[in-house]
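> Contents of run-v2.cif (mmCIF, C-alpha atoms) are given next:
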```
data_structure
#
loop_
_atom_site.group_PDB
_atom_site.id
_atom_site.type_symbol
_atom_site.label_atom_id
_atom_site.label_comp_id
_atom_site.auth_asym_id
_atom_site.auth_seq_id
_atom_site.Cartn_x
_atom_site.Cartn_y
_atom_site.Cartn_z
ATOM 1 C CA MET A 1 -4.654 -32.661 30.966
ATOM 2 C CA THR A 2 -1.643 -31.304 29.047
ATOM 3 C CA LEU A 3 -2.578 -28.875 26.298
ATOM 4 C CA LYS A 4 -1.340 -29.700 22.821
ATOM 5 C CA THR A 5 1.013 -26.939 21.660
ATOM 6 C CA ALA A 6 1.196 -25.515 18.139
ATOM 7 C CA LEU A 7 3.758 -23.102 16.712
ATOM 8 C CA ILE A 8 2.692 -20.952 13.747
ATOM 9 C CA THR A 9 5.082 -19.033 11.512
ATOM 10 C CA GLY A 10 3.286 -16.149 9.814
ATOM 11 C CA ILE A 11 0.792 -15.843 12.683
ATOM 12 C CA THR A 12 0.220 -12.137 11.971
ATOM 13 C CA GLY A 13 -0.970 -12.886 8.413
ATOM 14 C CA GLN A 14 -4.459 -13.715 7.175
ATOM 15 C CA ASP A 15 -4.115 -17.495 7.464
ATOM 16 C CA GLY A 16 -2.129 -17.318 10.687
ATOM 17 C CA SER A 17 -4.830 -15.322 12.437
ATOM 18 C CA TYR A 18 -7.635 -17.696 11.388
ATOM 19 C CA LEU A 19 -5.543 -20.755 12.281
ATOM 20 C CA ALA A 20 -4.695 -19.323 15.709
ATOM 21 C CA GLU A 21 -8.410 -18.759 16.375
ATOM 22 C CA LEU A 22 -9.253 -22.314 15.312
ATOM 23 C CA LEU A 23 -6.541 -23.899 17.466
ATOM 24 C CA LEU A 24 -7.523 -21.828 20.514
ATOM 25 C CA GLU A 25 -11.120 -23.019 20.061
ATOM 26 C CA LYS A 26 -9.802 -26.591 20.031
ATOM 27 C CA GLY A 27 -7.986 -26.055 23.319
ATOM 28 C CA TYR A 28 -4.427 -25.690 22.020
ATOM 29 C CA ARG A 29 -1.650 -23.664 23.556
ATOM 30 C CA VAL A 30 -0.750 -21.435 20.601
ATOM 31 C CA ALA A 31 2.597 -19.761 19.964
ATOM 32 C CA GLY A 32 3.506 -17.620 16.974
ATOM 33 C CA VAL A 33 6.793 -16.683 15.372
ATOM 34 C CA VAL A 34 7.302 -12.973 14.794
ATOM 35 C CA ARG A 35 10.290 -11.249 13.239
ATOM 36 C CA ARG A 36 12.153 -8.591 15.177
ATOM 37 C CA SER A 37 10.865 -5.477 13.439
ATOM 38 C CA SER A 38 9.833 -1.971 14.353
ATOM 39 C CA THR A 39 6.930 -2.145 11.913
ATOM 40 C CA GLU A 40 5.381 -5.528 12.816
ATOM 41 C CA SER A 41 1.589 -5.361 12.516
ATOM 42 C CA PHE A 42 -0.530 -7.280 15.020
ATOM 43 C CA GLU A 43 -3.834 -5.959 13.685
ATOM 44 C CA ARG A 44 -5.169 -9.353 12.586
ATOM 45 C CA ILE A 45 -4.428 -11.007 15.950
ATOM 46 C CA SER A 46 -5.086 -8.059 18.283
ATOM 47 C CA HIS A 47 -8.325 -9.651 19.537
ATOM 48 C CA ILE A 48 -6.508 -12.844 20.627
ATOM 49 C CA LYS A 49 -3.056 -11.469 21.460
ATOM 50 C CA ASP A 50 -3.551 -12.046 25.187
ATOM 51 C CA GLN A 51 -4.334 -15.736 24.513
ATOM 52 C CA ILE A 52 -1.237 -16.571 22.459
ATOM 53 C CA GLU A 53 2.519 -16.510 23.000
ATOM 54 C CA LEU A 54 4.847 -14.726 20.596
ATOM 55 C CA VAL A 55 8.461 -15.785 20.081
ATOM 56 C CA GLN A 56 11.056 -13.962 18.016
ATOM 57 C CA ALA A 57 12.560 -15.911 15.161
ATOM 58 C CA ASP A 58 13.183 -15.519 11.451
ATOM 59 C CA LEU A 59 12.980 -17.892 8.487
ATOM 60 C CA LEU A 60 16.318 -16.459 7.348
ATOM 61 C CA ASP A 61 18.029 -17.462 10.616
ATOM 62 C CA GLN A 62 18.448 -21.184 11.294
ATOM 63 C CA TYR A 63 19.520 -20.768 14.935
ATOM 64 C CA SER A 64 16.548 -18.590 15.854
ATOM 65 C CA LEU A 65 14.202 -21.324 14.596
ATOM 66 C CA ILE A 66 16.032 -23.958 16.654
ATOM 67 C CA ASP A 67 15.740 -21.727 19.738
ATOM 68 C CA ALA A 68 12.026 -21.175 19.085
ATOM 69 C CA LEU A 69 11.380 -24.933 18.939
ATOM 70 C CA LYS A 70 13.377 -25.541 22.122
ATOM 71 C CA THR A 71 11.485 -22.761 23.911
ATOM 72 C CA VAL A 72 7.948 -23.597 22.774
ATOM 73 C CA LYS A 73 8.264 -27.423 22.523
ATOM 74 C CA PRO A 74 5.398 -27.719 20.012
ATOM 75 C CA ALA A 75 3.665 -30.920 18.914
ATOM 76 C CA GLU A 76 2.681 -29.255 15.639
ATOM 77 C CA VAL A 77 4.366 -26.605 13.487
ATOM 78 C CA TYR A 78 2.461 -24.737 10.771
ATOM 79 C CA ASN A 79 4.760 -22.919 8.337
ATOM 80 C CA LEU A 80 2.625 -20.134 6.865
ATOM 81 C CA ALA A 81 5.313 -17.452 6.639
ATOM 82 C CA ALA A 82 6.541 -16.477 3.186
ATOM 83 C CA GLN A 83 7.020 -13.610 0.801
ATOM 84 C CA SER A 84 3.548 -14.323 -0.521
ATOM 85 C CA PHE A 85 2.634 -11.533 -2.943
ATOM 86 C CA VAL A 86 3.202 -12.920 -6.445
ATOM 87 C CA PRO A 87 3.981 -9.643 -8.329
ATOM 88 C CA THR A 88 6.640 -8.718 -5.738
ATOM 89 C CA SER A 89 8.463 -11.966 -6.480
ATOM 90 C CA TRP A 90 9.598 -10.589 -9.867
ATOM 91 C CA ASN A 91 11.045 -7.502 -8.170
ATOM 92 C CA GLN A 92 12.592 -9.429 -5.273
ATOM 93 C CA PRO A 93 13.261 -12.937 -6.624
ATOM 94 C CA VAL A 94 16.257 -13.711 -4.405
ATOM 95 C CA LEU A 95 14.507 -12.615 -1.197
ATOM 96 C CA THR A 96 11.426 -14.608 -2.257
ATOM 97 C CA GLY A 97 13.642 -17.678 -2.693
ATOM 98 C CA GLU A 98 15.275 -17.157 0.713
ATOM 99 C CA PHE A 99 11.961 -16.904 2.571
ATOM 100 C CA THR A 100 9.587 -19.023 0.532
ATOM 101 C CA ALA A 101 11.981 -21.821 -0.505
ATOM 102 C CA LEU A 102 15.003 -22.029 1.768
ATOM 103 C CA GLY A 103 12.955 -20.867 4.757
ATOM 104 C CA VAL A 104 11.042 -24.154 4.572
ATOM 105 C CA THR A 105 14.306 -26.099 4.672
ATOM 106 C CA ARG A 106 15.441 -24.189 7.744
ATOM 107 C CA VAL A 107 12.222 -25.002 9.618
ATOM 108 C CA LEU A 108 12.401 -28.680 8.627
ATOM 109 C CA GLU A 109 16.055 -28.894 9.602
ATOM 110 C CA ALA A 110 15.276 -27.290 12.972
ATOM 111 C CA ILE A 111 12.565 -29.912 13.559
ATOM 112 C CA ARG A 112 14.920 -32.731 12.562
ATOM 113 C CA LEU A 113 17.563 -31.490 15.010
ATOM 114 C CA VAL A 114 15.328 -30.539 17.967
ATOM 115 C CA ASP A 115 12.437 -33.032 17.910
ATOM 116 C CA PRO A 116 11.679 -35.268 14.895
ATOM 117 C CA THR A 117 8.284 -36.228 16.395
ATOM 118 C CA ILE A 118 6.916 -32.727 15.671
ATOM 119 C CA ARG A 119 4.228 -32.762 12.995
ATOM 120 C CA PHE A 120 4.886 -30.200 10.252
ATOM 121 C CA TYR A 121 2.503 -28.434 7.873
ATOM 122 C CA GLN A 122 3.852 -26.596 4.816
ATOM 123 C CA ALA A 123 1.719 -24.019 3.018
ATOM 124 C CA SER A 124 2.065 -24.988 -0.633
ATOM 125 C CA SER A 125 0.275 -23.022 -3.346
ATOM 126 C CA SER A 126 -1.773 -23.490 -6.504
ATOM 127 C CA GLU A 127 0.696 -21.056 -8.123
ATOM 128 C CA MET A 128 3.012 -24.090 -8.418
ATOM 129 C CA PHE A 129 0.727 -25.359 -11.212
ATOM 130 C CA GLY A 130 1.123 -22.079 -13.126
ATOM 131 C CA LYS A 131 0.755 -22.853 -16.835
ATOM 132 C CA VAL A 132 -1.501 -25.770 -16.041
ATOM 133 C CA LEU A 133 -0.893 -29.133 -17.679
ATOM 134 C CA GLU A 134 -4.317 -30.526 -16.799
ATOM 135 C CA THR A 135 -7.643 -29.184 -15.540
ATOM 136 C CA PRO A 136 -8.733 -29.433 -12.797
ATOM 137 C CA GLN A 137 -5.443 -29.584 -10.901
ATOM 138 C CA ARG A 138 -4.992 -32.410 -8.396
ATOM 139 C CA GLU A 139 -2.196 -33.789 -6.229
ATOM 140 C CA THR A 140 -0.622 -35.647 -9.165
ATOM 141 C CA THR A 141 -0.724 -32.715 -11.637
ATOM 142 C CA PRO A 142 2.824 -31.715 -12.712
ATOM 143 C CA PHE A 143 4.009 -28.264 -11.659
ATOM 144 C CA TYR A 144 4.787 -25.520 -14.193
ATOM 145 C CA PRO A 145 5.227 -22.361 -12.080
ATOM 146 C CA ARG A 146 5.093 -19.002 -13.859
ATOM 147 C CA SER A 147 6.571 -16.691 -11.226
ATOM 148 C CA PRO A 148 9.551 -16.684 -8.861
ATOM 149 C CA TYR A 149 6.974 -17.127 -6.082
ATOM 150 C CA GLY A 150 5.567 -20.262 -7.727
ATOM 151 C CA VAL A 151 9.067 -21.640 -8.277
ATOM 152 C CA ALA A 152 9.986 -21.013 -4.620
ATOM 153 C CA LYS A 153 6.765 -22.684 -3.447
ATOM 154 C CA ALA A 154 7.540 -25.729 -5.614
ATOM 155 C CA TYR A 155 10.922 -26.018 -3.913
ATOM 156 C CA GLY A 156 9.258 -25.740 -0.484
ATOM 157 C CA HIS A 157 6.793 -28.436 -1.476
ATOM 158 C CA TYR A 158 9.402 -30.900 -2.674
ATOM 159 C CA ILE A 159 11.789 -30.319 0.236
ATOM 160 C CA THR A 160 8.871 -31.184 2.545
ATOM 161 C CA VAL A 161 8.334 -34.431 0.632
ATOM 162 C CA ASN A 162 12.072 -35.083 0.778
ATOM 163 C CA TYR A 163 12.318 -34.658 4.552
ATOM 164 C CA ARG A 164 9.289 -36.902 4.984
ATOM 165 C CA GLU A 165 10.877 -39.633 2.894
ATOM 166 C CA SER A 166 14.489 -39.132 4.041
ATOM 167 C CA PHE A 167 13.988 -38.692 7.799
ATOM 168 C CA ASP A 168 10.518 -40.194 8.380
ATOM 169 C CA LEU A 169 9.130 -36.860 9.569
ATOM 170 C CA PHE A 170 5.381 -36.318 9.740
ATOM 171 C CA ALA A 171 5.574 -33.540 7.152
ATOM 172 C CA VAL A 172 2.679 -32.601 4.882
ATOM 173 C CA SER A 173 1.879 -29.929 2.314
ATOM 174 C CA GLY A 174 -1.493 -28.359 1.699
ATOM 175 C CA ILE A 175 -1.707 -27.208 -1.922
ATOM 176 C CA LEU A 176 -4.111 -24.373 -1.228
ATOM 177 C CA PHE A 177 -5.880 -22.569 -4.013
ATOM 178 C CA ASN A 178 -6.700 -18.867 -3.623
ATOM 179 C CA HIS A 179 -8.310 -18.254 -0.242
ATOM 180 C CA GLU A 180 -9.469 -14.818 0.739
ATOM 181 C CA SER A 181 -11.212 -12.863 3.488
ATOM 182 C CA GLU A 182 -11.740 -9.378 4.862
ATOM 183 C CA ARG A 183 -8.295 -9.829 6.494
ATOM 184 C CA ARG A 184 -6.547 -10.065 3.115
ATOM 185 C CA GLY A 185 -3.880 -7.459 2.365
ATOM 186 C CA LEU A 186 -4.881 -4.606 0.059
ATOM 187 C CA GLU A 187 -2.288 -5.679 -2.528
ATOM 188 C CA PHE A 188 -4.275 -8.857 -3.347
ATOM 189 C CA VAL A 189 -6.840 -8.577 -6.134
ATOM 190 C CA THR A 190 -9.877 -9.670 -4.105
ATOM 191 C CA ARG A 191 -9.256 -7.104 -1.360
ATOM 192 C CA LYS A 192 -8.252 -4.479 -3.916
ATOM 193 C CA VAL A 193 -11.691 -4.965 -5.471
ATOM 194 C CA SER A 194 -13.715 -4.983 -2.228
ATOM 195 C CA ASP A 195 -11.839 -1.911 -0.944
ATOM 196 C CA GLY A 196 -12.214 -0.109 -4.286
ATOM 197 C CA VAL A 197 -15.937 -0.848 -4.450
ATOM 198 C CA ALA A 198 -16.417 0.453 -0.903
ATOM 199 C CA ARG A 199 -14.565 3.699 -1.661
ATOM 200 C CA ILE A 200 -16.530 4.238 -4.888
ATOM 201 C CA LYS A 201 -19.840 3.563 -3.125
ATOM 202 C CA LEU A 202 -19.018 6.131 -0.438
ATOM 203 C CA GLY A 203 -17.826 8.754 -2.930
ATOM 204 C CA LEU A 204 -14.153 8.463 -2.021
ATOM 205 C CA ALA A 205 -13.037 7.228 -5.454
ATOM 206 C CA LYS A 206 -14.322 7.413 -9.031
ATOM 207 C CA GLU A 207 -12.665 4.426 -10.697
ATOM 208 C CA LEU A 208 -11.017 1.066 -10.081
ATOM 209 C CA ARG A 209 -7.945 0.272 -12.181
ATOM 210 C CA MET A 210 -7.538 -3.439 -12.895
ATOM 211 C CA GLY A 211 -5.263 -5.759 -14.860
ATOM 212 C CA ASN A 212 -6.302 -8.957 -16.628
ATOM 213 C CA LEU A 213 -10.068 -9.411 -16.152
ATOM 214 C CA SER A 214 -10.170 -12.772 -17.943
ATOM 215 C CA ALA A 215 -7.800 -14.609 -15.544
ATOM 216 C CA ARG A 216 -9.712 -17.313 -13.680
ATOM 217 C CA ARG A 217 -9.165 -18.516 -10.119
ATOM 218 C CA ASP A 218 -10.607 -20.969 -7.619
ATOM 219 C CA TRP A 219 -11.458 -18.649 -4.704
ATOM 220 C CA GLY A 220 -12.446 -19.884 -1.244
ATOM 221 C CA PHE A 221 -12.700 -18.506 2.301
ATOM 222 C CA ALA A 222 -9.492 -18.543 4.363
ATOM 223 C CA GLY A 223 -11.381 -19.500 7.527
ATOM 224 C CA ASP A 224 -12.472 -22.748 5.846
ATOM 225 C CA TYR A 225 -8.997 -23.540 4.553
ATOM 226 C CA VAL A 226 -7.177 -23.400 7.904
ATOM 227 C CA ASP A 227 -9.491 -26.173 9.085
ATOM 228 C CA ALA A 228 -8.088 -28.366 6.297
ATOM 229 C CA MET A 229 -4.540 -27.574 7.502
ATOM 230 C CA TRP A 230 -5.375 -28.792 11.001
ATOM 231 C CA ARG A 231 -7.063 -31.937 9.667
ATOM 232 C CA MET A 232 -3.941 -32.885 7.695
ATOM 233 C CA LEU A 233 -1.879 -33.035 10.888
ATOM 234 C CA GLN A 234 -4.458 -35.235 12.636
ATOM 235 C CA GLN A 235 -4.179 -38.065 10.081
ATOM 236 C CA GLU A 236 -2.548 -41.408 10.832
ATOM 237 C CA HIS A 237 -0.096 -41.043 7.947
ATOM 238 C CA PRO A 238 1.380 -37.871 6.378
ATOM 239 C CA ASP A 239 0.259 -36.959 2.871
ATOM 240 C CA ASP A 240 -0.301 -33.942 0.636
ATOM 241 C CA TYR A 241 -3.694 -32.520 -0.295
ATOM 242 C CA VAL A 242 -5.224 -30.059 -2.730
ATOM 243 C CA VAL A 243 -7.541 -27.686 -0.868
ATOM 244 C CA ALA A 244 -9.971 -25.893 -3.191
ATOM 245 C CA THR A 245 -13.651 -25.295 -3.950
ATOM 246 C CA GLY A 246 -13.552 -27.019 -7.340
ATOM 247 C CA GLU A 247 -15.150 -23.932 -8.961
ATOM 248 C CA THR A 248 -13.463 -21.263 -11.062
ATOM 249 C CA HIS A 249 -14.456 -17.630 -11.561
ATOM 250 C CA SER A 250 -12.936 -14.844 -13.657
ATOM 251 C CA VAL A 251 -11.661 -11.564 -12.249
ATOM 252 C CA GLU A 252 -14.484 -9.957 -14.240
ATOM 253 C CA GLU A 253 -17.020 -12.060 -12.308
ATOM 254 C CA LEU A 254 -15.353 -11.023 -9.063
ATOM 255 C CA VAL A 255 -15.687 -7.360 -10.025
ATOM 256 C CA GLU A 256 -19.285 -7.779 -11.201
ATOM 257 C CA VAL A 257 -20.442 -9.490 -7.993
ATOM 258 C CA ALA A 258 -18.614 -6.970 -5.808
ATOM 259 C CA PHE A 259 -20.227 -3.940 -7.477
ATOM 260 C CA LYS A 260 -23.626 -5.657 -7.412
ATOM 261 C CA CYS A 261 -23.322 -5.836 -3.612
ATOM 262 C CA VAL A 262 -23.624 -2.037 -3.517
ATOM 263 C CA ASP A 263 -26.088 -1.773 -6.442
ATOM 264 C CA LEU A 264 -23.593 -0.390 -8.956
ATOM 265 C CA ASP A 265 -22.642 -1.489 -12.497
ATOM 266 C CA TRP A 266 -18.949 -2.354 -12.635
ATOM 267 C CA ARG A 267 -18.659 -1.203 -16.261
ATOM 268 C CA ASP A 268 -19.181 2.391 -15.133
ATOM 269 C CA PHE A 269 -16.111 2.367 -12.904
ATOM 270 C CA VAL A 270 -13.531 -0.267 -13.932
ATOM 271 C CA VAL A 271 -10.571 0.745 -16.106
ATOM 272 C CA GLN A 272 -8.178 -1.874 -17.452
ATOM 273 C CA ASP A 273 -4.570 -0.801 -16.943
ATOM 274 C CA PRO A 274 -1.632 -2.662 -18.568
ATOM 275 C CA ALA A 275 0.524 -1.708 -15.571
ATOM 276 C CA PHE A 276 -1.285 -4.380 -13.551
ATOM 277 C CA TYR A 277 -0.612 -7.268 -15.950
ATOM 278 C CA ARG A 278 1.904 -9.913 -14.838
ATOM 279 C CA PRO A 279 5.095 -10.566 -16.861
ATOM 280 C CA ALA A 280 3.917 -14.200 -17.212
ATOM 281 C CA GLU A 281 0.218 -14.705 -16.574
ATOM 282 C CA VAL A 282 -1.470 -17.703 -14.991
ATOM 283 C CA ASP A 283 -4.727 -17.911 -16.946
ATOM 284 C CA LEU A 284 -6.698 -20.634 -15.195
ATOM 285 C CA LEU A 285 -6.510 -22.336 -11.822
ATOM 286 C CA VAL A 286 -9.180 -24.699 -10.502
ATOM 287 C CA GLY A 287 -8.526 -27.411 -7.948
ATOM 288 C CA ASP A 288 -9.896 -30.911 -7.522
ATOM 289 C CA PRO A 289 -10.512 -31.330 -3.755
ATOM 290 C CA THR A 290 -11.754 -34.937 -4.066
ATOM 291 C CA LYS A 291 -8.953 -36.393 -1.937
ATOM 292 C CA ALA A 292 -9.405 -33.799 0.835
ATOM 293 C CA ARG A 293 -13.158 -34.435 0.902
ATOM 294 C CA ALA A 294 -12.684 -38.196 1.084
ATOM 295 C CA GLU A 295 -9.730 -38.502 3.481
ATOM 296 C CA LEU A 296 -10.020 -35.348 5.595
ATOM 297 C CA ASP A 297 -13.823 -35.119 5.556
ATOM 298 C CA TRP A 298 -13.325 -31.470 4.571
ATOM 299 C CA SER A 299 -15.459 -29.227 2.400
ATOM 300 C CA PRO A 300 -15.742 -25.444 2.143
ATOM 301 C CA ALA A 301 -18.668 -23.806 3.960
ATOM 302 C CA VAL A 302 -18.494 -20.353 2.300
ATOM 303 C CA ASN A 303 -19.169 -20.070 -1.439
ATOM 304 C CA PHE A 304 -17.851 -17.475 -3.908
ATOM 305 C CA GLN A 305 -20.861 -15.162 -3.711
ATOM 306 C CA GLN A 306 -20.867 -15.221 0.104
ATOM 307 C CA LEU A 307 -17.112 -14.586 0.201
ATOM 308 C CA VAL A 308 -17.284 -11.508 -2.028
ATOM 309 C CA GLU A 309 -20.316 -10.143 -0.165
ATOM 310 C CA ARG A 310 -18.663 -10.449 3.258
ATOM 311 C CA MET A 311 -15.503 -8.735 1.984
ATOM 312 C CA VAL A 312 -17.416 -5.827 0.437
ATOM 313 C CA ARG A 313 -19.634 -5.405 3.535
ATOM 314 C CA SER A 314 -16.542 -5.377 5.744
ATOM 315 C CA ASP A 315 -14.754 -2.727 3.660
ATOM 316 C CA VAL A 316 -17.855 -0.511 3.421
ATOM 317 C CA ALA A 317 -18.168 -0.659 7.220
ATOM 318 C CA LEU A 318 -14.438 0.040 7.606
ATOM 319 C CA TRP A 319 -14.566 3.167 5.428
ATOM 320 C CA GLU A 320 -17.774 4.370 7.104
ATOM 321 C CA ARG A 321 -15.990 4.185 10.474
ATOM 322 C CA ARG A 322 -13.032 6.119 9.080
ATOM 323 C CA ILE A 323 -15.326 8.820 7.708
ATOM 324 C CA ARG A 324 -17.084 9.141 11.081
ATOM 325 C CA HIS A 325 -13.800 9.405 12.945
ATOM 326 C CA ALA A 326 -12.515 12.009 10.466
ATOM 327 C CA ASP A 327 -15.594 14.135 11.203
#
```
Translate the structure described by the file into structure tokens.

Amino acid sequence: MTLKTALITGITGQDGSYLAELLLEKGYRVAGVVRRSSTESFERISHIKDQIELVQADLLDQYSLIDALKTVKPAEVYNLAAQSFVPTSWNQPVLTGEFTALGVTRVLEAIRLVDPTIRFYQASSSEMFGKVLETPQRETTPFYPRSPYGVAKAYGHYITVNYRESFDLFAVSGILFNHESERRGLEFVTRKVSDGVARIKLGLAKELRMGNLSARRDWGFAGDYVDAMWRMLQQEHPDDYVVATGETHSVEELVEVAFKCVDLDWRDFVVQDPAFYRPAEVDLLVGDPTKARAELDWSPAVNFQQLVERMVRSDVALWERRIRHAD
């Protein structure tokens, strides 16, 4: 039996690592795109590195993507690579546009030129909804992005639709709401909180400086969300889907639950700092996953409380190991 092959851009990121695990479990041959860099981190995929293939390519370089497709010959391509940290997009708006918007076009164009039968998944984002025009947000909700990142993601979303309709590609977008895990980067608010709580619990820090505590998000577990990505590419016809829990929680709730995990009162340690406010805030995001539940038979397995608890437990264990090794 010939193994089905998948190519993942952004394989070293949170979502890429969970998706690679899932596809390996399903018997795929898995290849990942990595950029030529002296500082590339393989920490998230170190446990599966001997089971996957890595190819050098770059979303900024059309020809490298064409070469990668010719080398790997994938049946499915998952485009997860992007400049994905929202605050950075104000400082580096042009680079964000190159990676997160035009990078999608380059991958799609490579597919069109090399093998139009390849099925393509684009990682769209709830940040495209921005200043929301209806609640909850569904596939038909108009976009009103509030950051260069959200604008770039909206371009990536629509160029995917355009290639689907113009060239009959099997190209889909998953409009994923916030999805987190212990593999999240420290710059993201959920991991910032779980890491901060762990350090405070172990006496390594005395406070946690936060921005807007009233902002509300629909937070799910990244391991659940990559399953929805895979399901989208197994459908008979290509379509776009909102992937979310359908519940919203404030940053204050996130902080409260996280500190409760280690039996501390968040009010004793959290300091609000204007430096962490966004130039244009997104106040409320909550997705309507009805279509994904009905057509993909998908639903999240990990709830908000469980997600926060697993992240805090992981960071406490991580810092305990570091303390032991330092001794």
> So that I can see what lies close to Lys4 (chain A), please list as a list in words the residues with an atom at most 9 Å from it, counting all atoms listed in the file and leaving out residues fewer than 3 positions away in the same chain.
Gly27, Tyr28, Arg29, Val30, Pro74, Ala75 and Glu76 of chain A
> Using all atoms listed in the file, what does the table of region 169-258 of chain A residues within 7 Å of region 138-161 of chain A look like, with each row giving the shortest atom pair and its distance in Å to one decimal, sorted by chain and ascending number, as a tab-separated table?

```
residue	atom	partner	partner_atom	distance
A:Ala171	CA	A:Thr160	CA	6.1
A:Val172	CA	A:Thr160	CA	6.8
A:Ser173	CA	A:His157	CA	6.4
A:Tyr241	CA	A:Glu139	CA	6.3
A:Val242	CA	A:Glu139	CA	5.9
```
> Which residue out of A:Leu176, A:Val107, A:Ile45, A:Ala294 has the minimum interatomic distance to Leu7 (chain A) when all atoms listed in the file are used?
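Nearest candidate to Leu7 (chain A) out of A:Leu176, A:Val107, A:Ile45, A:Ala294: A:Val107.
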> Compare A:Arg313, A:Lys291, A:Arg35, A:Arg199 by their minimum atom-to-atom distance to Ala228 (chain A), counting only C-alpha atoms, and give me the closest one.
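Looking only at the distances to Ala228 (chain A), the closest residue turns out to be A:Lys291.
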> For the interface of region 1-67 of chain A with region 201-223 of chain A (cut-off 12 Å, counting only C-alpha atoms), please tabulate each contacting residue of region 1-67 of chain A alongside its nearest pair of atoms and their separation in Å to one decimal, rows sorted by chain and increasing number, as JSON lines.

```
{"residue": "A:Gly13", "atom": "CA", "partner": "A:Ala222", "partner_atom": "CA", "distance": 11.0}
{"residue": "A:Gln14", "atom": "CA", "partner": "A:Ala222", "partner_atom": "CA", "distance": 7.5}
{"residue": "A:Asp15", "atom": "CA", "partner": "A:Ala222", "partner_atom": "CA", "distance": 6.3}
{"residue": "A:Gly16", "atom": "CA", "partner": "A:Ala222", "partner_atom": "CA", "distance": 9.8}
{"residue": "A:Ser17", "atom": "CA", "partner": "A:Gly223", "partner_atom": "CA", "distance": 9.2}
{"residue": "A:Tyr18", "atom": "CA", "partner": "A:Gly223", "partner_atom": "CA", "distance": 5.7}
{"residue": "A:Leu19", "atom": "CA", "partner": "A:Gly223", "partner_atom": "CA", "distance": 7.6}
{"residue": "A:Ala20", "atom": "CA", "partner": "A:Gly223", "partner_atom": "CA", "distance": 10.6}
{"residue": "A:Glu21", "atom": "CA", "partner": "A:Gly223", "partner_atom": "CA", "distance": 9.4}
{"residue": "A:Leu22", "atom": "CA", "partner": "A:Gly223", "partner_atom": "CA", "distance": 8.5}
{"residue": "A:Leu23", "atom": "CA", "partner": "A:Gly223", "partner_atom": "CA", "distance": 11.9}
```
> Using only C-alpha atoms, determine which residues lie at most 6 Å from Ala198 (chain A), disregarding the query and same-chain residues fewer than 2 positions distant; provide the list as a ChimeraX atom specification.
/A:195-196,200-201,315-316
> Grab the CA of Pro300 (chain A) to CA of Leu54 (chain A) distance for me, in Å with one decimal place.
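These atoms are spaced 29.7 Å apart.
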> Env of Met232 (chain A): 9 Å cut, atoms = all atoms listed in the file, seq-sep filter 5 positions within chain, self excluded. Answer as number ranges by chain.
A: 121, 172-174, 227, 238-241, 292, 296
> Starting from the displayed file, determine the output of the PyMOL selection byres ((chain A and resi 189) around 10) and express the residue list as an mmCIF file with C-alpha atoms, keeping the file's coordinate frame.

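What ended up in expr38.cif:
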```
data_model
loop_
_atom_site.group_PDB
_atom_site.id
_atom_site.type_symbol
_atom_site.label_atom_id
_atom_site.label_comp_id
_atom_site.auth_asym_id
_atom_site.auth_seq_id
_atom_site.Cartn_x
_atom_site.Cartn_y
_atom_site.Cartn_z
ATOM 1 C CA GLU A 180 -9.469 -14.818 0.739
ATOM 2 C CA ARG A 184 -6.547 -10.065 3.115
ATOM 3 C CA GLY A 185 -3.880 -7.459 2.365
ATOM 4 C CA LEU A 186 -4.881 -4.606 0.059
ATOM 5 C CA GLU A 187 -2.288 -5.679 -2.528
ATOM 6 C CA PHE A 188 -4.275 -8.857 -3.347
ATOM 7 C CA THR A 190 -9.877 -9.670 -4.105
ATOM 8 C CA ARG A 191 -9.256 -7.104 -1.360
ATOM 9 C CA LYS A 192 -8.252 -4.479 -3.916
ATOM 10 C CA VAL A 193 -11.691 -4.965 -5.471
ATOM 11 C CA SER A 194 -13.715 -4.983 -2.228
ATOM 12 C CA ASP A 195 -11.839 -1.911 -0.944
ATOM 13 C CA MET A 210 -7.538 -3.439 -12.895
ATOM 14 C CA GLY A 211 -5.263 -5.759 -14.860
ATOM 15 C CA VAL A 251 -11.661 -11.564 -12.249
ATOM 16 C CA LEU A 254 -15.353 -11.023 -9.063
ATOM 17 C CA VAL A 255 -15.687 -7.360 -10.025
#
```
> Interatomic distance between CA of Arg321 (chain A) and CA of Ile11 (chain A)?
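Separation between CA of Arg321 (chain A) and CA of Ile11 (chain A): 26.2 Å.
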> Compile the contact shell of Val114 (chain A) as a ChimeraX atom specification: residues with an atom at most 8 Å away, counting all atoms listed in the file, same-chain residues fewer than 2 positions apart removed.
/A:66,69-70,110-112,116
> Could you save those same residues with C-alpha atoms as a PDB file, in the frame of the given file?

```
ATOM      1  CA  ILE A  66      16.032 -23.958  16.654  1.00  0.00           C
ATOM      2  CA  LEU A  69      11.380 -24.933  18.939  1.00  0.00           C
ATOM      3  CA  LYS A  70      13.377 -25.541  22.122  1.00  0.00           C
ATOM      4  CA  ALA A 110      15.276 -27.290  12.972  1.00  0.00           C
ATOM      5  CA  ILE A 111      12.565 -29.912  13.559  1.00  0.00           C
ATOM      6  CA  ARG A 112      14.920 -32.731  12.562  1.00  0.00           C
ATOM      7  CA  PRO A 116      11.679 -35.268  14.895  1.00  0.00           C
TER       8      PRO A 116
END
```
> Quick one: which residues end up in the PyMOL selection byres ((chain A and resi 95) around 12) for this structure, as a list in words?
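So the PyMOL selection byres ((chain A and resi 95) around 12), applied here, picks out Leu59, Leu60, Ala82, Gln83, Ser84, Thr88, Ser89, Trp90, Asn91, Gln92, Pro93, Val94, Thr96, Gly97, Glu98, Phe99, Thr100, Ala101, Leu102, Gly103, Pro148, Tyr149 and Ala152 of chain A.
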> When you count only C-alpha atoms, which of these residues is closest to Phe120 (chain A): A:Asp168, A:Asp297, A:Glu134, A:Glu320?
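Residue with the minimum atom-to-atom distance to Phe120 (chain A): A:Asp168.
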